[in-house]
>>> print(open('query.csv').read())   # CSV, C-alpha atoms
chain,number,residue,atom,x,y,z
N,63,MET,CA,75.7,254.4,280.3
N,64,ALA,CA,72.0,254.9,280.2
N,65,PRO,CA,69.8,253.5,282.9
N,66,ALA,CA,68.3,250.0,282.3
N,67,LEU,CA,65.0,249.9,280.4
N,68,SER,CA,61.9,248.6,282.3
N,69,ASP,CA,60.0,245.6,281.1
N,70,GLN,CA,57.3,247.8,279.8
N,71,GLU,CA,59.7,250.0,277.9
N,72,ARG,CA,61.3,246.9,276.2
N,73,VAL,CA,57.8,245.7,275.2
N,74,LEU,CA,57.2,249.2,273.7
N,75,LEU,CA,60.5,249.2,271.9
N,76,GLY,CA,59.7,245.8,270.4
N,77,ARG,CA,56.6,247.4,268.8
N,78,CYS,CA,58.2,250.6,267.5
N,79,PRO,CA,59.0,250.8,263.7
N,80,LEU,CA,62.8,250.3,264.2
N,81,PHE,CA,62.8,247.4,266.6
N,82,LEU,CA,59.7,245.6,265.4
N,83,GLY,CA,60.4,241.8,265.8
N,84,ALA,CA,63.8,242.3,267.5
N,85,GLU,CA,65.0,239.8,270.1
N,86,ASP,CA,64.6,240.8,273.8
N,87,SER,CA,68.4,240.3,274.3
N,88,LEU,CA,69.1,243.1,271.8
N,89,LEU,CA,66.6,245.4,273.4
N,90,ARG,CA,68.2,244.7,276.8
N,91,SER,CA,71.7,245.6,275.4
N,92,LEU,CA,70.7,249.0,274.0
N,93,PRO,CA,71.5,251.1,277.1
N,94,ALA,CA,75.1,249.7,277.2
N,95,LEU,CA,75.8,250.7,273.5
N,96,PRO,CA,78.2,253.6,273.0
N,97,GLY,CA,76.6,257.0,273.3
N,98,VAL,CA,73.1,255.7,274.0
N,99,THR,CA,71.2,257.7,276.6
N,100,VAL,CA,67.7,257.5,278.2
N,101,GLU,CA,66.7,261.0,279.2
N,102,PRO,CA,63.6,262.6,281.0
N,103,PHE,CA,61.9,265.8,279.8
N,104,SER,CA,59.5,267.9,281.7
N,105,ALA,CA,56.2,269.2,280.2
N,106,GLY,CA,57.0,272.3,278.1
N,107,GLU,CA,60.7,271.4,277.7
N,108,LEU,CA,62.2,271.6,274.2
N,109,LEU,CA,63.6,268.4,272.8
N,110,TYR,CA,64.6,269.5,269.3
N,111,GLY,CA,64.4,272.9,267.6
N,112,PRO,CA,66.4,275.2,265.3
N,113,GLY,CA,69.9,275.3,266.7
N,114,GLN,CA,69.1,272.8,269.4
N,115,PHE,CA,69.2,269.2,268.2
N,116,ARG,CA,71.5,266.2,268.0
N,117,GLN,CA,72.4,263.7,265.3
N,118,SER,CA,70.5,261.0,267.1
N,119,LEU,CA,67.4,259.0,266.4
N,120,GLY,CA,65.0,259.4,269.3
N,121,VAL,CA,62.4,256.8,270.5
N,122,LEU,CA,59.7,258.2,272.7
N,123,LEU,CA,59.3,255.8,275.7
N,124,SER,CA,56.6,257.7,277.5
N,125,GLY,CA,54.6,260.9,277.3
N,126,GLN,CA,53.6,263.0,274.3
N,127,VAL,CA,55.6,265.4,272.2
N,128,GLN,CA,54.1,268.2,270.0
N,129,VAL,CA,55.8,268.8,266.6
N,130,THR,CA,55.3,272.3,265.2
N,131,ASN,CA,56.8,274.2,262.3
N,132,GLY,CA,56.4,278.0,262.8
N,133,SER,CA,52.8,278.6,263.9
N,134,LEU,CA,51.6,275.3,262.3
N,135,SER,CA,50.9,272.2,264.4
N,136,VAL,CA,52.4,269.2,262.4
N,137,SER,CA,51.8,266.2,264.6
N,138,LEU,CA,51.6,264.7,268.1
N,139,LEU,CA,54.1,262.0,268.9
N,140,ARG,CA,53.2,259.3,271.3
N,141,ALA,CA,55.1,256.5,273.1
N,142,GLY,CA,56.7,254.2,270.6
N,143,ASP,CA,57.1,256.9,267.9
N,144,LEU,CA,60.5,257.8,266.3
N,145,PHE,CA,61.9,261.2,265.7
N,146,GLY,CA,65.1,262.9,264.6
N,147,ALA,CA,65.7,261.0,261.3
N,148,ALA,CA,65.9,264.3,259.4
N,149,ALA,CA,68.9,265.3,261.5
N,150,LEU,CA,70.9,262.2,260.5
N,151,TYR,CA,73.2,261.6,257.5
N,152,ASN,CA,73.4,265.2,256.3
N,153,ASP,CA,75.4,268.3,257.1
N,154,ALA,CA,72.4,270.7,257.2
N,155,PRO,CA,73.0,273.2,260.1
N,156,GLU,CA,69.3,273.8,260.9
N,157,PHE,CA,66.4,271.7,262.1
N,158,ALA,CA,63.2,273.4,261.1
N,159,ALA,CA,60.7,271.6,263.2
N,160,VAL,CA,60.2,272.2,266.9
N,161,LEU,CA,59.6,269.3,269.3
N,162,THR,CA,58.2,270.2,272.7
N,163,ALA,CA,57.2,267.9,275.5
N,164,GLN,CA,53.4,268.1,276.1
N,165,SER,CA,53.7,266.0,279.2
N,166,PRO,CA,56.6,264.4,281.2
N,167,CYS,CA,58.5,262.3,278.8
N,168,ARG,CA,61.3,259.7,278.7
N,169,VAL,CA,63.3,259.3,275.5
N,170,LEU,CA,65.9,256.8,274.3
N,171,PHE,CA,68.5,258.5,272.0
N,172,LEU,CA,70.6,256.4,269.5
N,173,PRO,CA,73.5,258.4,268.1
N,174,GLN,CA,74.2,258.2,264.4
N,175,GLU,CA,77.4,256.1,264.9
N,176,THR,CA,75.6,253.5,267.0
N,177,LEU,CA,72.7,253.4,264.6
N,178,ASP,CA,75.2,252.8,261.8
N,179,ARG,CA,76.6,249.8,263.7
N,180,LEU,CA,73.1,248.4,264.5
N,181,LEU,CA,72.0,248.7,260.8
N,182,GLY,CA,75.2,247.0,259.7
N,183,GLU,CA,75.0,244.1,262.1
N,184,GLU,CA,71.2,243.5,262.3
N,185,PRO,CA,69.5,242.9,258.9
N,186,LEU,CA,66.1,243.0,260.6
N,187,LEU,CA,66.7,246.5,261.9
N,188,ARG,CA,68.1,247.6,258.5
N,189,ARG,CA,64.9,246.5,256.8
N,190,ASN,CA,62.8,248.0,259.5
N,191,TYR,CA,64.5,251.4,259.2
N,192,LEU,CA,64.3,251.4,255.4
N,193,ARG,CA,60.6,250.5,255.7
N,194,TYR,CA,60.1,253.4,258.2
N,195,LEU,CA,61.9,255.9,255.9
N,196,THR,CA,59.9,254.7,252.9
N,197,GLY,CA,56.7,255.2,254.9
N,198,ARG,CA,57.8,258.7,255.8
N,199,ILE,CA,58.5,259.5,252.1
N,200,ARG,CA,55.0,258.2,251.1
N,201,PHE,CA,53.4,260.2,253.9
N,202,LEU,CA,55.1,263.5,253.0
N,203,SER,CA,54.4,262.9,249.3
N,204,GLY,CA,50.7,262.5,250.1
N,205,ARG,CA,50.8,265.7,252.1
N,206,LEU,CA,52.3,267.5,249.0
N,207,ARG,CA,49.7,266.1,246.7
N,208,SER,CA,47.0,267.2,249.1
N,209,VAL,CA,48.2,270.8,248.9
N,210,ALA,CA,48.5,270.6,245.1
N,211,GLN,CA,45.0,269.0,244.6
N,212,THR,CA,42.5,271.3,242.9
N,213,GLY,CA,39.4,272.1,245.0
N,214,ALA,CA,38.9,272.2,248.7
N,215,GLU,CA,37.1,268.8,248.8
N,216,GLY,CA,39.9,267.2,246.7
N,217,LYS,CA,42.6,268.7,248.9
N,218,LEU,CA,40.9,267.5,252.1
N,219,ALA,CA,40.2,264.0,250.7
N,220,ARG,CA,43.8,263.6,249.6
N,221,TYR,CA,45.0,264.8,253.0
N,222,LEU,CA,42.8,262.4,254.9
N,223,LEU,CA,44.0,259.5,252.8
N,224,THR,CA,47.5,260.0,254.3
N,225,ALA,CA,46.3,259.3,257.8
N,226,PRO,CA,47.2,255.9,259.3
N,227,SER,CA,44.5,253.3,258.4
N,228,GLY,CA,41.8,253.1,261.1
N,229,GLU,CA,43.1,255.9,263.2
N,230,PRO,CA,41.3,259.2,263.7
N,231,LEU,CA,42.9,262.4,262.5
N,232,ARG,CA,43.0,265.1,265.1
N,233,LEU,CA,43.9,268.6,264.0
N,234,SER,CA,42.3,272.0,264.6
N,235,ALA,CA,40.4,273.5,261.7
N,236,THR,CA,42.7,276.5,261.7
N,237,ASP,CA,45.9,274.4,261.3
N,238,LEU,CA,44.3,272.2,258.7
N,239,ALA,CA,43.1,275.1,256.6
N,240,LYS,CA,46.6,276.6,256.7
N,241,ARG,CA,48.1,273.3,255.7
N,242,LEU,CA,45.8,272.9,252.8
N,243,GLY,CA,46.0,276.5,251.7
N,244,ILE,CA,42.2,277.1,251.9
N,245,SER,CA,39.9,279.3,254.0
N,246,ARG,CA,38.2,277.9,257.1
N,247,ALA,CA,34.8,278.5,255.3
N,248,SER,CA,36.0,276.4,252.4
N,249,LEU,CA,37.3,273.7,254.8
N,250,TYR,CA,33.9,273.4,256.6
N,251,ARG,CA,32.1,273.2,253.2
N,252,ALA,CA,34.5,270.4,252.2
N,253,PHE,CA,33.9,268.6,255.6
N,254,GLN,CA,30.1,268.8,255.0
N,255,ALA,CA,30.4,267.5,251.4
N,256,LEU,CA,32.5,264.5,252.4
N,257,GLU,CA,30.2,263.8,255.4
N,258,ASP,CA,27.1,264.0,253.2
N,259,ALA,CA,28.6,261.4,250.9
N,260,ARG,CA,29.4,259.3,254.0
N,261,LEU,CA,33.0,259.1,253.2
N,262,ILE,CA,34.1,260.5,256.6
N,263,ARG,CA,32.7,261.0,260.1
N,264,ARG,CA,33.5,263.8,262.5
N,265,GLU,CA,33.3,263.5,266.2
N,266,GLY,CA,34.4,266.7,267.9
N,267,LYS,CA,37.9,267.4,266.6
N,268,SER,CA,38.4,263.8,265.5
N,269,MET,CA,37.9,262.7,261.9
N,270,TYR,CA,37.4,259.1,260.7
N,271,VAL,CA,37.7,257.8,257.2
N,272,LEU,CA,34.7,255.6,256.5
N,273,ASP,CA,35.3,254.8,252.8
N,274,PRO,CA,38.9,255.0,251.7
N,275,ALA,CA,38.1,253.8,248.2
N,276,GLY,CA,35.3,256.4,247.8
N,277,LEU,CA,37.7,259.1,249.1
N,278,GLU,CA,40.3,258.0,246.5
N,279,GLY,CA,37.7,258.6,243.9
N,280,ALA,CA,36.9,262.1,245.3
N,281,VAL,CA,40.4,263.4,244.6
N,282,SER,CA,39.9,263.0,240.9
N,283,TYR,CA,37.3,265.7,240.8
N,284,THR,CA,38.5,269.2,239.9
N,285,HIS,CA,35.3,270.8,241.1
N,286,LEU,CA,34.0,268.0,243.3
N,287,THR,CA,30.3,267.0,243.1
N,288,LEU,CA,30.1,264.0,245.4
N,289,PRO,CA,27.5,261.3,244.9
N,290,THR,CA,25.2,260.9,247.9
N,291,LYS,CA,25.2,257.3,249.2
N,292,ALA,CA,21.8,255.6,249.7
>>> encode(input="query.csv", output="structure tokens")
Amino acid sequence: MAPALSDQERVLLGRCPLFLGAEDSLLRSLPALPGVTVEPFSAGELLYGPGQFRQSLGVLLSGQVQVTNGSLSVSLLRAGDLFGAAALYNDAPEFAAVLTAQSPCRVLFLPQETLDRLLGEEPLLRRNYLRYLTGRIRFLSGRLRSVAQTGAEGKLARYLLTAPSGEPLRLSATDLAKRLGISRASLYRAFQALEDARLIRREGKSMYVLDPAGLEGAVSYTHLTLPTKA
């Protein structure tokens, strides 16, 4: 049996995509469900990777986890984020991404069998999980469109539109250039074009979308000539 969840961890779970809106009594019962564990990880420790993963859905309760694929930085998970969905409901022997603790972490693991039971018994969780998976599909589709988009500015614009609304995108120029399939020089020119049009704002390594509608219009250009806003 996993150790009991703290009040703070239950509040966090109640805000994560799977358990959003769930009763506190359900959250309290989670550690007692079959196969559920709550595990600590030290900074630098591997959570998931090729040949080292489990068929469980993970919920990050504290700390940060870096997700990489080869030399490419994919994302940074924070408390309340889910991971491991790609390892569920399939017989694939490999897990391509590598998840590494960036700081001391605590993770709740829900094995596939227990997740099945919860999804069958709790309509709210079933809807939440389907909404989460749909969001992931839309997110990944946007990433693919950003790579296929013609022109550096169009690729960058499409990529930025997949970022969560209102949240800054933090990614190194090297990683972003690799992800978009363009040179760093082309990426910097694209940054400048979008900034000049006041569609985005850069603060250090953080990028903010100022005008999503304008950015949507930018992706329709093959060779982008952005209008300068007054």
>>> closest_residue(input="query.csv", among="N:Arg232, N:Lys217, N:Arg77, N:Arg189", to="Leu138 in chain N", atoms="all atoms listed in the file")
N:Arg232
>>> residues_around(input="query.csv", residues="range 252-257 of chain N", least_positions_apart="2", cutoff="9 Å", atoms="all atoms listed in the file", output="PyMOL selection string")
chain N and resi 213-219+247-250+259-264+277+280+286-288
>>> atom_distance(input="query.csv", atom1="CA of Leu161 in chain N", atom2="CA of Tyr110 in chain N")
5.0 Å
>>> residues_near_point(input="query.csv", point="(63.1, 246.6, 267.9)", cutoff="10 Å", atoms="all atoms listed in the file", output="ChimeraX atom specification")
/N:72-86,88-89,186-187,190
>>> atom_distance(input="query.csv", atom1="CA of Thr176 in chain N", atom2="CA of Tyr191 in chain N")
13.7 Å
>>> atom_distance(input="query.csv", atom1="CA of Val98 in chain N", atom2="CA of Arg168 in chain N")
13.3 Å
>>> residues_around(input="query.csv", residues="range 119-135 of chain N", least_positions_apart="5", cutoff="6 Å", atoms="all atoms listed in the file", output="VMD selection string")
chain N and resid 140 to 147 159 to 172 237
>>> write_last_selection(input="query.csv", atoms="C-alpha atoms", output="PDB file, in the coordinates of the input")
ATOM      1  CA  ARG N 140      53.200 259.300 271.300  1.00  0.00           C
ATOM      2  CA  ALA N 141      55.100 256.500 273.100  1.00  0.00           C
ATOM      3  CA  GLY N 142      56.700 254.200 270.600  1.00  0.00           C
ATOM      4  CA  ASP N 143      57.100 256.900 267.900  1.00  0.00           C
ATOM      5  CA  LEU N 144      60.500 257.800 266.300  1.00  0.00           C
ATOM      6  CA  PHE N 145      61.900 261.200 265.700  1.00  0.00           C
ATOM      7  CA  GLY N 146      65.100 262.900 264.600  1.00  0.00           C
ATOM      8  CA  ALA N 147      65.700 261.000 261.300  1.00  0.00           C
ATOM      9  CA  ALA N 159      60.700 271.600 263.200  1.00  0.00           C
ATOM     10  CA  VAL N 160      60.200 272.200 266.900  1.00  0.00           C
ATOM     11  CA  LEU N 161      59.600 269.300 269.300  1.00  0.00           C
ATOM     12  CA  THR N 162      58.200 270.200 272.700  1.00  0.00           C
ATOM     13  CA  ALA N 163      57.200 267.900 275.500  1.00  0.00           C
ATOM     14  CA  GLN N 164      53.400 268.100 276.100  1.00  0.00           C
ATOM     15  CA  SER N 165      53.700 266.000 279.200  1.00  0.00           C
ATOM     16  CA  PRO N 166      56.600 264.400 281.200  1.00  0.00           C
ATOM     17  CA  CYS N 167      58.500 262.300 278.800  1.00  0.00           C
ATOM     18  CA  ARG N 168      61.300 259.700 278.700  1.00  0.00           C
ATOM     19  CA  VAL N 169      63.300 259.300 275.500  1.00  0.00           C
ATOM     20  CA  LEU N 170      65.900 256.800 274.300  1.00  0.00           C
ATOM     21  CA  PHE N 171      68.500 258.500 272.000  1.00  0.00           C
ATOM     22  CA  LEU N 172      70.600 256.400 269.500  1.00  0.00           C
ATOM     23  CA  ASP N 237      45.900 274.400 261.300  1.00  0.00           C
TER      24      ASP N 237
END
>>> closest_residue(input="query.csv", among="N:Arg198, N:Val136, N:Val271, N:Ser118", to="Asn152 in chain N", atoms="all atoms listed in the file")
N:Ser118
>>> closest_residue(input="query.csv", among="N:Pro185, N:Gly111, N:Gly97, N:Gly197", to="Ala149 in chain N", atoms="only C-alpha atoms")
N:Gly111
